[in-house]
Amino acid sequence: MIPYGKHSIDKSDIDAVLEVLENQFLTQGQQVPLFEKSLCKYTGASYAVACNSATSGLHIACLAAGVKPGDIVWTSPNSFAASANCARYCGAEVEFVDIDKDTRNICLEALTEKLNVASKKGQLPKAIIAVHFAGSSCNMKRMRELVAPHKVMLIEDAAHGLGGKDQYGNPIGSAHYSDFAVLSFHPVKSMTTAEGGAVLTNDAAAAERLRLFASHGISKEKSLLATESRSNPWMYAQHTLGFNYRLSDLHAALGNSQLRRLDHFIKDRRLKAKFYDDNLDCSLMTKPVFDENSAWHLYVIEVEHSRRLAVFEGLRERGIGVNVHYIPIYHHPYYQKLGYSALDTPNCEHYYYGAITLPLYPDLSADNQRKVVNVLHEVLF
Ligand SMILES: *Cc1c(COP(=O)(O)O)cnc(C)c1O
């Protein structure tokens with residue numbers, strides 16, 4: 001079966017991990033600080049806090065943004081559940097903003113309208129979590145302008161976006177217009193650390209809060225200690241209730257090695273997305289809008305709703321490991337029990353019932369990609 005996504009590991013990656021195994025530190029050595037510095041350099045963000053998944057990263061980003069019980073957080077329904085779960089961890093309510101049918105990201109018109117209504121009712125969200133679906137950036141500059149009159153924090157779920165650029169040329173992850181940007185290094189994403197993630201920000205105080213939340217709420221920082229205990233060399237202190245969300249040096253070593261290969265991965269993904277764009281018959285399906293700046297995490301076509309199941313099964317039977325991204329978050333039983341209605345987000349509903357994700361990853365061979373195109377055309381005719 002040709003999978004829809006896959007990591008690419010070469011000898012340089014393996015050697016980087018082996019080297020750490022032979023060294024003194026498996027965790028909290030040199031690799032994590034180096035990885036954080038390299039992520040800052042790559043994205044242009046001032047601070048990076050590595051963590052053990054994007055899910056952990058989203059959680060501490062919400063905490064650092066001040067999300068608490070009774071607050072409301074808005075996000076896209078066309079995403080992995082973690083984009084909404086992070087707000088639930090903090091005791092907040094989640095509301096979904098409908099997507100744009102072309103970009104499949106949060107629709108800026110729907111957002112404008114929802115902000116107007118919420119502002120009048122006094123029910124503005126504490127934070128908005130924007131998801132760069134398939135690696136194509138939301139317009140964060142416009143989003144920042146929209147929330148500017150209100151006190152709303154902006155968090156980017158950039159799990160799909162590393163390696164891509166926004167509409168103004170900023171690397172995705174720069175957090176240029178947002179408060180936080182969260183990356184994922186799960187194997188299907190732009191690059192991998194096996195499990196792993198990072199939160200990027202340009203706010204020094206927020207970076208310190210992130211660091212505390214990711215490491216038990218504990219700090220060794222002398223200036224934070226009570227004066228009388230500062231001279232005790234063993235002293236550390238827990239200042240808040242935090243978690244163990246740290247990334248290990250073993251994982252970070254893989255990350256450092258993969259980051260050196262990232263631009264090649266993205267170039268490969270873009271060429272393969274272009275191949276689909278050039279070769280797929282648009283009279284049979286809707287192709288994604290071709291965004292030159294996308295990180296091309298996913299290539300999702302839309303087919304007639306009545307044919308989706310047959311096309312999906314036909315492809316799987318012929319060895320093409322297609323998938324669907326995403327089942328709208330509010331379709332999941334956990335969210336259904338909280339009482340969401342599909343009527344609130346008609347574009348997301350319409351998109352979901354036609355969506356099929358085709359294989360796309362750096363090591364997808366030209367032969368296999370041609371096979372995907374041919375089989376898809378056969379199944380659709
Ligand atoms: C993969 C993904 C996550 C979760 O990432 P993990 O690193 O697996 O925790 C969150 N949001 C989106 C949009 C994702 O695709």
# chains A, B, ... in the order shown; residues from 1 in each chain; ligands from 1
$ residues_near_ligand --ligand "ligand 1" --cutoff "8 Å" --atoms "only C-alpha atoms and all ligand atoms" --output "list in words"
Asn52, Ser53, Ala54, Thr55, Ser56, Gly57, Leu58, Ser79, Phe80, Ala81, Ala82, Ser83, Val131, His132, Phe133, Asp157, Ala158, Ala159, His160, Leu183, Ser184, Phe185, His186, Val188, Lys189, Glu195, Gly196 and Gly197 of chain A
$ residues_around --residues "Ile60 (chain A)" --least-positions-apart "5" --cutoff "7 Å" --atoms "only C-alpha atoms" --output "ChimeraX atom specification"
/A:210,213-214
$ closest_residue --among "A:Arg88, A:His332, A:Arg246, A:Lys141" --to "Ser215 (chain A)" --atoms "only C-alpha atoms"
A:Arg246
$ closest_residue --among "A:Ala194, A:Ala273, A:Leu298, A:Ala253" --to "Val20 (chain A)" --atoms "only C-alpha atoms"
A:Ala253
$ closest_residue --among "A:Pro288, A:Pro149, A:Gly339, A:Gly163" --to "Glu95 (chain A)" --atoms "only C-alpha atoms"
A:Gly339
$ select_by_dssp --residues "region 34-243 of chain A" --states "alpha helix (DSSP H)" --output "PyMOL selection string"
chain A and resi 34-43+54-64+82-89+108-121+140-147+204-214
$ closest_residue --among "A:Ala134, A:Val17, A:Leu225, A:Val117" --to "Thr357 (chain A)" --atoms "only C-alpha atoms"
A:Ala134
$ closest_residue --among "A:Lys222, A:Arg318, A:His59, A:Arg260" --to "Lys41 (chain A)" --atoms "only C-alpha atoms"
A:Arg260
$ closest_atom_pairs --of "region 35-93 of chain A" --to "region 97-106 of chain A" --cutoff "8 Å" --atoms "only C-alpha atoms" --output "CSV"
residue,atom,partner,partner_atom,distance
A:Trp74,CA,A:Val97,CA,6.6
A:Thr75,CA,A:Val97,CA,6.1
A:Ser76,CA,A:Val97,CA,5.6
A:Pro77,CA,A:Val97,CA,7.0
A:Asn78,CA,A:Ile99,CA,7.4
$ write_last_selection --atoms "N, CA, C and O atoms" --output "compact mmCIF listing (two decimals), in the first residue's frame"
# COMPACT_ATOMS: atom_id res chain seq x y z
N TRP A 74 -11.83 29.87 20.10
CA TRP A 74 -12.34 29.55 18.76
C TRP A 74 -11.26 28.84 17.95
O TRP A 74 -10.07 29.17 18.05
N THR A 75 -11.68 27.88 17.14
CA THR A 75 -10.72 27.24 16.23
C THR A 75 -11.43 26.76 14.98
O THR A 75 -12.64 26.92 14.82
N SER A 76 -10.65 26.15 14.09
CA SER A 76 -11.20 25.59 12.86
C SER A 76 -11.73 24.19 13.14
O SER A 76 -11.06 23.39 13.80
N PRO A 77 -12.89 23.85 12.59
CA PRO A 77 -13.41 22.49 12.75
C PRO A 77 -12.70 21.51 11.81
O PRO A 77 -12.75 20.30 12.03
N ASN A 78 -12.01 22.04 10.79
CA ASN A 78 -11.33 21.18 9.81
C ASN A 78 -9.90 20.94 10.27
O ASN A 78 -8.94 21.48 9.71
$ residues_around --residues "Gln369 (chain A)" --least-positions-apart "2" --cutoff "12 Å" --atoms "only C-alpha atoms" --output "PyMOL selection string"
chain A and resi 2-4+269+271-276+279-280+319-321+358-367+371-376
$ closest_residue --among "A:Val300, A:Leu124, A:Leu250, A:Leu111" --to "Met143 (chain A)" --atoms "only C-alpha atoms"
A:Leu111
$ atom_distance --atom1 "CA of Phe381 (chain A)" --atom2 "CA of Arg307 (chain A)"
11.2 Å
$ residues_around --residues "Ser12 (chain A)" --least-positions-apart "2" --cutoff "10 Å" --atoms "only C-alpha atoms" --output "list in words"
Ile9, Asp10, Ile14, Asp15, Ala16, Val17, Leu18, Leu254, Ser257, Gln258, Arg260 and Arg261 of chain A
$ closest_atom_pairs --of "region 6-79 of chain A" --to "region 202-206 of chain A" --cutoff "10 Å" --atoms "only C-alpha atoms" --output "Markdown table"
| residue | atom | partner | partner_atom | distance |
| --- | --- | --- | --- | --- |
| A:Cys40 | CA | A:Asn202 | CA | 9.8 |
| A:Gly44 | CA | A:Asn202 | CA | 9.2 |
| A:Ala45 | CA | A:Asn202 | CA | 5.8 |
| A:Ser46 | CA | A:Asn202 | CA | 4.8 |
| A:Tyr47 | CA | A:Asn202 | CA | 5.9 |
| A:Ala48 | CA | A:Asn202 | CA | 8.8 |
| A:Ala61 | CA | A:Ala206 | CA | 8.8 |
| A:Leu63 | CA | A:Ala206 | CA | 9.9 |
| A:Ala64 | CA | A:Ala206 | CA | 6.2 |
| A:Ala65 | CA | A:Ala206 | CA | 7.9 |
$ residues_around --residues "Asp179 (chain A)" --least-positions-apart "4" --cutoff "7 Å" --atoms "only C-alpha atoms" --output "PyMOL selection string"
chain A and resi 153-155+175+201
$ write_last_selection --atoms "all heavy atoms" --output "PDB file, in the first residue's frame"
ATOM      1  N   MET A 153      -6.123  36.635  22.101  1.00  0.00           N
ATOM      2  CA  MET A 153      -4.805  36.075  21.809  1.00  0.00           C
ATOM      3  C   MET A 153      -4.887  35.234  20.526  1.00  0.00           C
ATOM      4  O   MET A 153      -5.921  34.597  20.266  1.00  0.00           O
ATOM      5  CB  MET A 153      -4.337  35.169  22.955  1.00  0.00           C
ATOM      6  CG  MET A 153      -4.257  35.835  24.311  1.00  0.00           C
ATOM      7  SD  MET A 153      -2.951  37.069  24.425  1.00  0.00           S
ATOM      8  CE  MET A 153      -1.502  36.018  24.609  1.00  0.00           C
ATOM      9  N   LEU A 154      -3.814  35.238  19.761  1.00  0.00           N
ATOM     10  CA  LEU A 154      -3.769  34.434  18.533  1.00  0.00           C
ATOM     11  C   LEU A 154      -2.719  33.339  18.657  1.00  0.00           C
ATOM     12  O   LEU A 154      -1.544  33.615  18.915  1.00  0.00           O
ATOM     13  CB  LEU A 154      -3.408  35.302  17.322  1.00  0.00           C
ATOM     14  CG  LEU A 154      -4.483  36.231  16.767  1.00  0.00           C
ATOM     15  CD1 LEU A 154      -3.966  36.916  15.502  1.00  0.00           C
ATOM     16  CD2 LEU A 154      -5.769  35.468  16.451  1.00  0.00           C
ATOM     17  N   ILE A 155      -3.180  32.088  18.491  1.00  0.00           N
ATOM     18  CA  ILE A 155      -2.276  30.939  18.522  1.00  0.00           C
ATOM     19  C   ILE A 155      -2.347  30.261  17.156  1.00  0.00           C
ATOM     20  O   ILE A 155      -3.450  30.013  16.645  1.00  0.00           O
ATOM     21  CB  ILE A 155      -2.713  29.935  19.626  1.00  0.00           C
ATOM     22  CG1 ILE A 155      -2.659  30.606  21.004  1.00  0.00           C
ATOM     23  CG2 ILE A 155      -1.829  28.676  19.592  1.00  0.00           C
ATOM     24  CD1 ILE A 155      -3.264  29.770  22.139  1.00  0.00           C
ATOM     25  N   ALA A 175       5.603  33.375  14.060  1.00  0.00           N
ATOM     26  CA  ALA A 175       4.706  34.036  15.019  1.00  0.00           C
ATOM     27  C   ALA A 175       4.746  35.551  14.833  1.00  0.00           C
ATOM     28  O   ALA A 175       4.600  36.322  15.777  1.00  0.00           O
ATOM     29  CB  ALA A 175       5.038  33.636  16.466  1.00  0.00           C
ATOM     30  N   THR A 201       7.565  31.893  19.951  1.00  0.00           N
ATOM     31  CA  THR A 201       6.965  33.172  20.321  1.00  0.00           C
ATOM     32  C   THR A 201       8.020  34.263  20.217  1.00  0.00           C
ATOM     33  O   THR A 201       9.221  33.981  20.158  1.00  0.00           O
ATOM     34  CB  THR A 201       6.371  33.122  21.756  1.00  0.00           C
ATOM     35  OG1 THR A 201       5.730  34.366  22.056  1.00  0.00           O
ATOM     36  CG2 THR A 201       7.442  32.867  22.811  1.00  0.00           C
TER      37      THR A 201
END
$ atom_distance --atom1 "CA of Ala355 (chain A)" --atom2 "CA of Arg308 (chain A)"
7.5 Å
$ atom_distance --atom1 "CA of Tyr245 (chain A)" --atom2 "CA of Val73 (chain A)"
22.1 Å
$ residues_around --residues "Leu343 (chain A)" --least-positions-apart "6" --cutoff "12 Å" --atoms "only C-alpha atoms" --output "list in words"
Phe96, Val97, Asp98, Tyr330, His331, Glu349 and His350 of chain A
